[in-house]
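Shown here: my_file.cif, mmCIF, C-alpha atoms.
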```cif
data_structure
#
loop_
_atom_site.group_PDB
_atom_site.id
_atom_site.type_symbol
_atom_site.label_atom_id
_atom_site.label_comp_id
_atom_site.auth_asym_id
_atom_site.auth_seq_id
_atom_site.Cartn_x
_atom_site.Cartn_y
_atom_site.Cartn_z
ATOM 1 C CA MET X 1 -27.259 -13.419 -15.403
ATOM 2 C CA THR X 2 -23.793 -14.754 -16.183
ATOM 3 C CA GLU X 3 -22.723 -18.237 -15.158
ATOM 4 C CA GLN X 4 -20.102 -16.681 -12.892
ATOM 5 C CA ASN X 5 -22.751 -14.748 -10.974
ATOM 6 C CA ARG X 6 -24.979 -17.818 -10.737
ATOM 7 C CA ASN X 7 -22.069 -19.718 -9.212
ATOM 8 C CA TYR X 8 -21.426 -16.843 -6.800
ATOM 9 C CA LEU X 9 -25.026 -17.042 -5.591
ATOM 10 C CA LYS X 10 -24.681 -20.789 -5.144
ATOM 11 C CA GLU X 11 -21.423 -20.469 -3.185
ATOM 12 C CA THR X 12 -22.525 -17.576 -0.973
ATOM 13 C CA LEU X 13 -26.098 -18.590 -0.197
ATOM 14 C CA THR X 14 -25.493 -21.725 1.854
ATOM 15 C CA PHE X 15 -29.165 -22.719 1.599
ATOM 16 C CA TRP X 16 -28.922 -23.038 -2.212
ATOM 17 C CA ASN X 17 -29.059 -26.838 -2.244
ATOM 18 C CA GLU X 18 -32.046 -26.816 0.118
ATOM 19 C CA ILE X 19 -34.376 -24.856 -2.156
ATOM 20 C CA THR X 20 -36.235 -25.947 -5.263
ATOM 21 C CA GLU X 21 -35.234 -25.162 -8.831
ATOM 22 C CA GLU X 22 -38.222 -22.817 -9.019
ATOM 23 C CA GLU X 23 -37.044 -20.956 -5.912
ATOM 24 C CA ARG X 24 -33.507 -20.701 -7.276
ATOM 25 C CA GLU X 25 -34.876 -19.222 -10.482
ATOM 26 C CA MET X 26 -36.912 -16.718 -8.461
ATOM 27 C CA ILE X 27 -33.724 -15.538 -6.726
ATOM 28 C CA ILE X 28 -31.877 -15.280 -10.038
ATOM 29 C CA GLN X 29 -34.718 -13.280 -11.618
ATOM 30 C CA ASN X 30 -34.773 -10.897 -8.646
ATOM 31 C CA THR X 31 -31.012 -10.349 -8.397
ATOM 32 C CA ALA X 32 -29.180 -7.479 -10.054
ATOM 33 C CA VAL X 33 -25.490 -6.643 -10.432
ATOM 34 C CA VAL X 34 -24.907 -3.208 -8.892
ATOM 35 C CA LYS X 35 -21.723 -1.149 -8.714
ATOM 36 C CA TYR X 36 -21.058 1.545 -6.117
ATOM 37 C CA LYS X 37 -18.366 4.211 -6.146
ATOM 38 C CA GLN X 38 -16.108 4.787 -3.145
ATOM 39 C CA GLY X 39 -17.888 7.060 -0.665
ATOM 40 C CA GLN X 40 -21.358 6.407 -2.108
ATOM 41 C CA ASN X 41 -24.190 5.964 0.392
ATOM 42 C CA ILE X 42 -26.009 2.703 -0.268
ATOM 43 C CA TYR X 43 -28.584 2.659 2.500
ATOM 44 C CA ASN X 44 -29.886 5.018 5.181
ATOM 45 C CA ALA X 45 -32.913 5.536 7.373
ATOM 46 C CA GLN X 46 -34.717 7.679 4.785
ATOM 47 C CA GLN X 47 -34.519 5.063 2.047
ATOM 48 C CA GLU X 48 -36.795 2.192 1.266
ATOM 49 C CA CYS X 49 -35.420 -1.239 2.083
ATOM 50 C CA VAL X 50 -32.603 -1.850 -0.429
ATOM 51 C CA GLY X 51 -32.284 -5.617 -0.259
ATOM 52 C CA VAL X 52 -29.691 -8.263 0.564
ATOM 53 C CA LEU X 53 -26.204 -7.422 -0.693
ATOM 54 C CA LEU X 54 -23.706 -10.139 -1.664
ATOM 55 C CA ILE X 55 -20.321 -8.462 -1.969
ATOM 56 C CA LYS X 56 -18.314 -9.628 -4.989
ATOM 57 C CA LYS X 57 -15.546 -7.070 -4.582
ATOM 58 C CA GLY X 58 -14.852 -3.938 -2.605
ATOM 59 C CA GLU X 59 -15.787 -3.034 0.951
ATOM 60 C CA LEU X 60 -18.932 -1.747 2.684
ATOM 61 C CA ARG X 61 -19.167 -0.002 6.049
ATOM 62 C CA THR X 62 -22.201 -0.093 8.330
ATOM 63 C CA TYR X 63 -22.487 2.674 10.904
ATOM 64 C CA ILE X 64 -24.864 4.681 13.070
ATOM 65 C CA LEU X 65 -25.034 8.463 13.067
ATOM 66 C CA SER X 66 -25.710 10.710 16.053
ATOM 67 C CA GLU X 67 -27.843 13.862 15.892
ATOM 68 C CA GLU X 68 -24.584 15.842 16.056
ATOM 69 C CA GLY X 69 -23.276 14.017 12.984
ATOM 70 C CA LYS X 70 -20.799 11.733 14.769
ATOM 71 C CA GLU X 71 -20.356 8.367 13.065
ATOM 72 C CA VAL X 72 -19.833 5.109 14.956
ATOM 73 C CA THR X 73 -18.705 2.246 12.741
ATOM 74 C CA LEU X 74 -20.438 -1.022 13.628
ATOM 75 C CA TYR X 75 -18.566 -3.277 11.206
ATOM 76 C CA ARG X 76 -17.089 -3.501 7.726
ATOM 77 C CA LEU X 77 -17.782 -6.194 5.147
ATOM 78 C CA GLY X 78 -15.614 -7.371 2.269
ATOM 79 C CA GLU X 79 -15.543 -9.834 -0.595
ATOM 80 C CA GLY X 80 -17.658 -12.918 0.098
ATOM 81 C CA ASP X 81 -19.661 -11.276 2.894
ATOM 82 C CA VAL X 82 -23.410 -10.663 2.922
ATOM 83 C CA CYS X 83 -25.006 -7.421 4.130
ATOM 84 C CA ILE X 84 -28.375 -8.184 5.704
ATOM 85 C CA LEU X 85 -29.143 -4.905 7.529
ATOM 86 C CA SER X 86 -29.603 -3.202 4.157
ATOM 87 C CA ALA X 87 -32.770 -5.322 4.085
ATOM 88 C CA SER X 88 -33.761 -4.438 7.657
ATOM 89 C CA CYS X 89 -37.414 -4.106 6.656
ATOM 90 C CA ILE X 90 -37.633 -7.900 6.438
ATOM 91 C CA LEU X 91 -36.091 -8.385 9.890
ATOM 92 C CA LYS X 92 -38.360 -8.355 12.909
ATOM 93 C CA ASN X 93 -37.678 -5.964 15.791
ATOM 94 C CA ILE X 94 -34.928 -3.963 14.045
ATOM 95 C CA THR X 95 -35.748 -0.495 15.354
ATOM 96 C CA PHE X 96 -32.483 1.458 15.067
ATOM 97 C CA ASP X 97 -31.359 3.338 11.975
ATOM 98 C CA VAL X 98 -28.192 2.223 10.220
ATOM 99 C CA HIS X 99 -26.268 3.603 7.271
ATOM 100 C CA VAL X 100 -24.269 1.619 4.720
ATOM 101 C CA ASP X 101 -21.543 3.252 2.586
ATOM 102 C CA ALA X 102 -19.119 1.899 0.013
ATOM 103 C CA GLU X 103 -15.626 2.306 1.467
ATOM 104 C CA LYS X 104 -14.070 1.254 -1.834
ATOM 105 C CA ASP X 105 -15.365 0.897 -5.379
ATOM 106 C CA SER X 106 -17.604 -2.134 -4.950
ATOM 107 C CA GLU X 107 -19.610 -4.609 -6.979
ATOM 108 C CA VAL X 108 -22.477 -6.515 -5.369
ATOM 109 C CA LEU X 109 -25.274 -8.879 -6.245
ATOM 110 C CA LEU X 110 -28.457 -7.278 -4.919
ATOM 111 C CA ILE X 111 -31.415 -9.532 -4.107
ATOM 112 C CA ASN X 112 -34.534 -7.393 -3.817
ATOM 113 C CA SER X 113 -36.325 -7.415 -0.472
ATOM 114 C CA PRO X 114 -39.825 -8.674 -1.470
ATOM 115 C CA ALA X 115 -38.449 -11.768 -3.216
ATOM 116 C CA TYR X 116 -36.016 -12.603 -0.419
ATOM 117 C CA SER X 117 -38.677 -11.999 2.242
ATOM 118 C CA ALA X 118 -41.187 -14.259 0.482
ATOM 119 C CA LEU X 119 -38.623 -17.046 0.248
ATOM 120 C CA SER X 120 -37.518 -16.636 3.853
ATOM 121 C CA GLN X 121 -41.094 -16.899 5.113
ATOM 122 C CA LYS X 122 -41.755 -20.227 3.419
ATOM 123 C CA ASN X 123 -38.364 -21.948 3.595
ATOM 124 C CA ILE X 124 -36.842 -22.760 6.974
ATOM 125 C CA TYR X 125 -33.315 -23.024 5.540
ATOM 126 C CA VAL X 126 -33.486 -19.479 4.168
ATOM 127 C CA GLU X 127 -34.904 -18.260 7.469
ATOM 128 C CA ALA X 128 -32.076 -19.983 9.391
ATOM 129 C CA PHE X 129 -29.486 -18.415 7.058
ATOM 130 C CA THR X 130 -31.006 -14.977 7.671
ATOM 131 C CA LEU X 131 -31.089 -15.419 11.441
ATOM 132 C CA ARG X 132 -27.485 -16.641 11.516
ATOM 133 C CA LEU X 133 -26.331 -13.651 9.485
ATOM 134 C CA THR X 134 -28.240 -11.304 11.764
ATOM 135 C CA ALA X 135 -26.737 -12.912 14.871
ATOM 136 C CA ASP X 136 -23.227 -12.658 13.413
ATOM 137 C CA ARG X 137 -23.699 -8.965 12.614
ATOM 138 C CA PHE X 138 -25.061 -8.199 16.076
ATOM 139 C CA SER X 139 -22.068 -9.950 17.554
ATOM 140 C CA ASP X 140 -19.927 -7.500 15.545
ATOM 141 C CA VAL X 141 -22.050 -4.609 16.850
ATOM 142 C CA MET X 142 -21.625 -5.716 20.471
ATOM 143 C CA TRP X 143 -17.857 -6.027 19.991
ATOM 144 C CA ALA X 144 -17.733 -2.477 18.617
ATOM 145 C CA MET X 145 -19.786 -1.165 21.547
ATOM 146 C CA GLU X 146 -17.685 -3.079 24.073
ATOM 147 C CA GLN X 147 -14.512 -1.490 22.724
ATOM 148 C CA ILE X 148 -15.948 2.030 22.759
ATOM 149 C CA LEU X 149 -17.492 1.755 26.223
ATOM 150 C CA PHE X 150 -14.974 -0.302 28.174
ATOM 151 C CA MET X 151 -11.537 -0.254 26.531
ATOM 152 C CA SER X 152 -8.820 2.363 26.812
ATOM 153 C CA PHE X 153 -8.140 4.106 23.528
ATOM 154 C CA ASP X 154 -4.548 2.883 23.199
ATOM 155 C CA ARG X 155 -5.805 -0.704 23.388
ATOM 156 C CA ARG X 156 -8.622 -0.036 20.883
ATOM 157 C CA LEU X 157 -6.203 1.510 18.422
ATOM 158 C CA ALA X 158 -3.686 -1.325 18.811
ATOM 159 C CA ILE X 159 -6.448 -3.893 18.177
ATOM 160 C CA PHE X 160 -7.561 -1.993 15.093
ATOM 161 C CA LEU X 161 -4.061 -1.752 13.610
ATOM 162 C CA LEU X 162 -3.275 -5.414 14.228
ATOM 163 C CA ASP X 163 -6.644 -6.495 12.802
ATOM 164 C CA GLU X 164 -6.025 -4.413 9.684
ATOM 165 C CA THR X 165 -2.601 -5.961 9.096
ATOM 166 C CA ALA X 166 -4.127 -9.423 9.478
ATOM 167 C CA LYS X 167 -6.904 -8.564 7.021
ATOM 168 C CA THR X 168 -4.692 -6.928 4.397
ATOM 169 C CA GLY X 169 -1.665 -9.186 4.831
ATOM 170 C CA THR X 170 0.759 -6.265 5.042
ATOM 171 C CA ASP X 171 2.323 -4.084 7.748
ATOM 172 C CA ASN X 172 1.935 -1.014 5.504
ATOM 173 C CA LEU X 173 -1.565 0.357 5.944
ATOM 174 C CA SER X 174 -2.900 2.965 3.512
ATOM 175 C CA LEU X 175 -5.150 4.783 5.969
ATOM 176 C CA THR X 176 -5.566 8.412 6.952
ATOM 177 C CA HIS X 177 -6.091 9.502 10.547
ATOM 178 C CA GLU X 178 -9.586 10.623 9.531
ATOM 179 C CA GLN X 179 -10.449 7.149 8.234
ATOM 180 C CA ILE X 180 -9.182 5.467 11.388
ATOM 181 C CA ALA X 181 -11.185 7.863 13.553
ATOM 182 C CA LYS X 182 -14.291 6.943 11.570
ATOM 183 C CA TYR X 183 -13.617 3.224 11.967
ATOM 184 C CA VAL X 184 -12.877 3.268 15.710
ATOM 185 C CA GLY X 185 -15.512 5.838 16.687
ATOM 186 C CA SER X 186 -13.243 8.613 17.899
ATOM 187 C CA ALA X 187 -12.028 12.080 16.899
ATOM 188 C CA ARG X 188 -9.244 12.565 14.373
ATOM 189 C CA GLU X 189 -7.255 14.624 16.888
ATOM 190 C CA VAL X 190 -7.373 11.778 19.423
ATOM 191 C CA VAL X 191 -6.214 9.277 16.796
ATOM 192 C CA SER X 192 -3.372 11.560 15.702
ATOM 193 C CA ARG X 193 -2.135 12.043 19.264
ATOM 194 C CA MET X 194 -2.139 8.316 19.977
ATOM 195 C CA LEU X 195 -0.418 7.454 16.692
ATOM 196 C CA LYS X 196 2.274 10.019 17.450
ATOM 197 C CA TYR X 197 2.740 8.353 20.839
ATOM 198 C CA PHE X 198 2.955 4.925 19.151
ATOM 199 C CA ALA X 199 5.555 6.357 16.745
ATOM 200 C CA LYS X 200 7.555 7.864 19.622
ATOM 201 C CA GLU X 201 7.556 4.458 21.329
ATOM 202 C CA GLY X 202 8.820 2.796 18.152
ATOM 203 C CA MET X 203 5.677 0.782 17.407
ATOM 204 C CA VAL X 204 4.772 2.465 14.112
ATOM 205 C CA GLU X 205 6.175 4.777 11.473
ATOM 206 C CA LEU X 206 3.922 7.528 10.138
ATOM 207 C CA SER X 207 3.865 9.110 6.696
ATOM 208 C CA ARG X 208 1.218 10.972 4.755
ATOM 209 C CA GLY X 209 -1.781 8.694 4.237
ATOM 210 C CA SER X 210 -0.074 5.576 5.565
ATOM 211 C CA ILE X 211 1.084 3.791 8.710
ATOM 212 C CA LYS X 212 3.766 1.113 8.948
ATOM 213 C CA ILE X 213 3.801 -1.360 11.844
ATOM 214 C CA VAL X 214 7.438 -1.710 12.924
ATOM 215 C CA ASP X 215 7.145 -3.419 16.338
ATOM 216 C CA ARG X 216 4.225 -5.811 16.464
ATOM 217 C CA GLN X 217 5.187 -7.209 19.880
ATOM 218 C CA LYS X 218 5.006 -3.783 21.523
ATOM 219 C CA LEU X 219 1.566 -3.273 20.077
ATOM 220 C CA LYS X 220 0.434 -6.687 21.305
ATOM 221 C CA LYS X 221 1.514 -5.792 24.843
ATOM 222 C CA LEU X 222 -1.210 -3.153 24.855
ATOM 223 C CA LEU X 223 -3.942 -5.772 24.315
#
```
Render the structure in this file as structure tokens.
Amino acid sequence: MTEQNRNYLKETLTFWNEITEEEREMIIQNTAVVKYKQGQNIYNAQQECVGVLLIKKGELRTYILSEEGKEVTLYRLGEGDVCILSASCILKNITFDVHVDAEKDSEVLLINSPAYSALSQKNIYVEAFTLRLTADRFSDVMWAMEQILFMSFDRRLAIFLLDETAKTGTDNLSLTHEQIAKYVGSAREVVSRMLKYFAKEGMVELSRGSIKIVDRQKLKKLL
């Protein structure tokens, strides 16, 4: 493993200074650098437990899938984040099936499940890290469910657009209507109709494959 990747483990795993040199070496020996192409499925209900994913670059999306094939995005993770549900076999009482896809070309450090599980069972700091990550992700899940169940769609879409501009640092978003529908748990036709309404009201400008926020204050009034 390169020194850069060792440092990334140290920076991302906040329990690093609380484990022994032998335990650190065990993590290093059981960690692999893995690259995923955009659109590639990383984890699903039919697969064995993949392991803990530390995202070096790119973006991963975690979602659930209905019997009819409808996707509901639970959350997305980017550089510096850790995906723990891809190692759901080591988490107690996780009974629902999740899927994880690469939304962009991504590079991760993958800690295999048996090694991470063994360490978590004997080190309280690793266990606390795991529980905190799990709690954070379930908070994201509850926020997604709250929006879908209780918020009007215009408000949900406004929140999504404003969040994306904050995350990317630009008012020009390279997103298709299909992608947005996937992220907000709706149909493409519904997204298109609402975006056209936003454009008519002067909040956004639409072009093929992109959306430009032109009146942030109008969008905020929908929140």
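Among X:Leu223, X:Ala199, X:Ala135, X:Ile111, the residue with the shortest atom-to-atom distance to Phe160 in chain X, counting only C-alpha atoms, is X:Leu223.
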Explicit residues for the PyMOL selection byres ((chain X and resi 101) around 6) (as a list in words): Gln40, Asn41, Ile42, Leu60, Arg61, Val100 and Ala102 of chain X
Residue nearest Val52 in chain X - candidates X:Glu164, X:Asp171, X:Glu201, X:Asp81, atoms counted: all atoms listed in the file: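 Nearest to Val52 in chain X: X:Asp81.
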From X:Leu110, X:Leu222, X:Ala181, X:Ile28, residue lying nearest Trp16 in chain X [all atoms listed in the file]: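 Distance minimum relative to Trp16 in chain X lands on X:Ile28.
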Between CA of Val34 in chain X and CA of Val50 in chain X - distance in Å to one decimal: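 One can read the CA of Val50 in chain X to CA of Val34 in chain X distance as 11.5 Å.
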Separation of CA of Ser139 in chain X from CA of Ala118 in chain X in Å: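 Between CA of Ala118 in chain X and CA of Ser139 in chain X the gap is 26.0 Å.
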Evaluate the PyMOL selection byres ((chain X and resi 214-217) around 9) and report residues as number ranges by chain: X: 162, 171, 202-205, 212-213, 218-221
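Using all atoms listed in the file, the nearest neighbour of Lys37 in chain X within the list X:Glu11, X:Glu68, X:Glu21, X:Glu107 is X:Glu107.
If only C-alpha atoms are the atoms counted, then among X:Tyr116, X:Tyr75, X:Phe129, X:Tyr197 the closest residue to Phe153 in chain X is X:Tyr197.
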Result set, the PyMOL selection byres ((chain X and resi 115) around 12) on current file, as an NGL selection string: :X and (23-31 or 50-52 or 87 or 90 or 110-114 or 116-122 or 126)
Any chance you could build range 67-84 of chain X out to N, CA and C atoms and write it as an mmCIF file, keeping the file's coordinate frame?
```cif
data_model
loop_
_atom_site.group_PDB
_atom_site.id
_atom_site.type_symbol
_atom_site.label_atom_id
_atom_site.label_comp_id
_atom_site.auth_asym_id
_atom_site.auth_seq_id
_atom_site.Cartn_x
_atom_site.Cartn_y
_atom_site.Cartn_z
ATOM 1 N N GLU X 67 -27.193 12.629 16.318
ATOM 2 C CA GLU X 67 -27.843 13.862 15.892
ATOM 3 C C GLU X 67 -26.814 14.952 15.604
ATOM 4 N N GLU X 68 -25.648 14.861 16.265
ATOM 5 C CA GLU X 68 -24.584 15.842 16.056
ATOM 6 C C GLU X 68 -23.729 15.519 14.831
ATOM 7 N N GLY X 69 -24.019 14.392 14.182
ATOM 8 C CA GLY X 69 -23.276 14.017 12.984
ATOM 9 C C GLY X 69 -22.082 13.125 13.234
ATOM 10 N N LYS X 70 -21.915 12.627 14.473
ATOM 11 C CA LYS X 70 -20.799 11.733 14.769
ATOM 12 C C LYS X 70 -21.123 10.322 14.286
ATOM 13 N N GLU X 71 -20.172 9.721 13.584
ATOM 14 C CA GLU X 71 -20.356 8.367 13.065
ATOM 15 C C GLU X 71 -19.706 7.347 13.991
ATOM 16 N N VAL X 72 -20.402 6.236 14.219
ATOM 17 C CA VAL X 72 -19.833 5.109 14.956
ATOM 18 C C VAL X 72 -19.911 3.880 14.056
ATOM 19 N N THR X 73 -18.749 3.413 13.618
ATOM 20 C CA THR X 73 -18.705 2.246 12.741
ATOM 21 C C THR X 73 -19.076 0.992 13.525
ATOM 22 N N LEU X 74 -20.025 0.231 12.995
ATOM 23 C CA LEU X 74 -20.438 -1.022 13.628
ATOM 24 C C LEU X 74 -19.615 -2.197 13.116
ATOM 25 N N TYR X 75 -19.409 -2.242 11.803
ATOM 26 C CA TYR X 75 -18.566 -3.277 11.206
ATOM 27 C C TYR X 75 -18.352 -2.951 9.732
ATOM 28 N N ARG X 76 -17.352 -3.604 9.157
ATOM 29 C CA ARG X 76 -17.089 -3.501 7.726
ATOM 30 C C ARG X 76 -17.171 -4.884 7.102
ATOM 31 N N LEU X 77 -17.617 -4.932 5.859
ATOM 32 C CA LEU X 77 -17.782 -6.194 5.147
ATOM 33 C C LEU X 77 -17.002 -6.151 3.844
ATOM 34 N N GLY X 78 -16.408 -7.294 3.485
ATOM 35 C CA GLY X 78 -15.614 -7.371 2.269
ATOM 36 C C GLY X 78 -16.079 -8.483 1.345
ATOM 37 N N GLU X 79 -15.227 -8.827 0.414
ATOM 38 C CA GLU X 79 -15.543 -9.834 -0.595
ATOM 39 C C GLU X 79 -15.997 -11.148 0.050
ATOM 40 N N GLY X 80 -17.124 -11.664 -0.411
ATOM 41 C CA GLY X 80 -17.658 -12.918 0.098
ATOM 42 C C GLY X 80 -18.631 -12.753 1.248
ATOM 43 N N ASP X 81 -18.732 -11.531 1.785
ATOM 44 C CA ASP X 81 -19.661 -11.276 2.894
ATOM 45 C C ASP X 81 -21.049 -10.923 2.357
ATOM 46 N N VAL X 82 -22.019 -10.994 3.257
ATOM 47 C CA VAL X 82 -23.410 -10.663 2.922
ATOM 48 C C VAL X 82 -23.889 -9.571 3.871
ATOM 49 N N CYS X 83 -24.451 -8.506 3.321
ATOM 50 C CA CYS X 83 -25.006 -7.421 4.130
ATOM 51 C C CYS X 83 -26.507 -7.636 4.254
ATOM 52 N N ILE X 84 -26.960 -7.893 5.481
ATOM 53 C CA ILE X 84 -28.375 -8.184 5.704
ATOM 54 C C ILE X 84 -29.132 -6.978 6.246
#
```
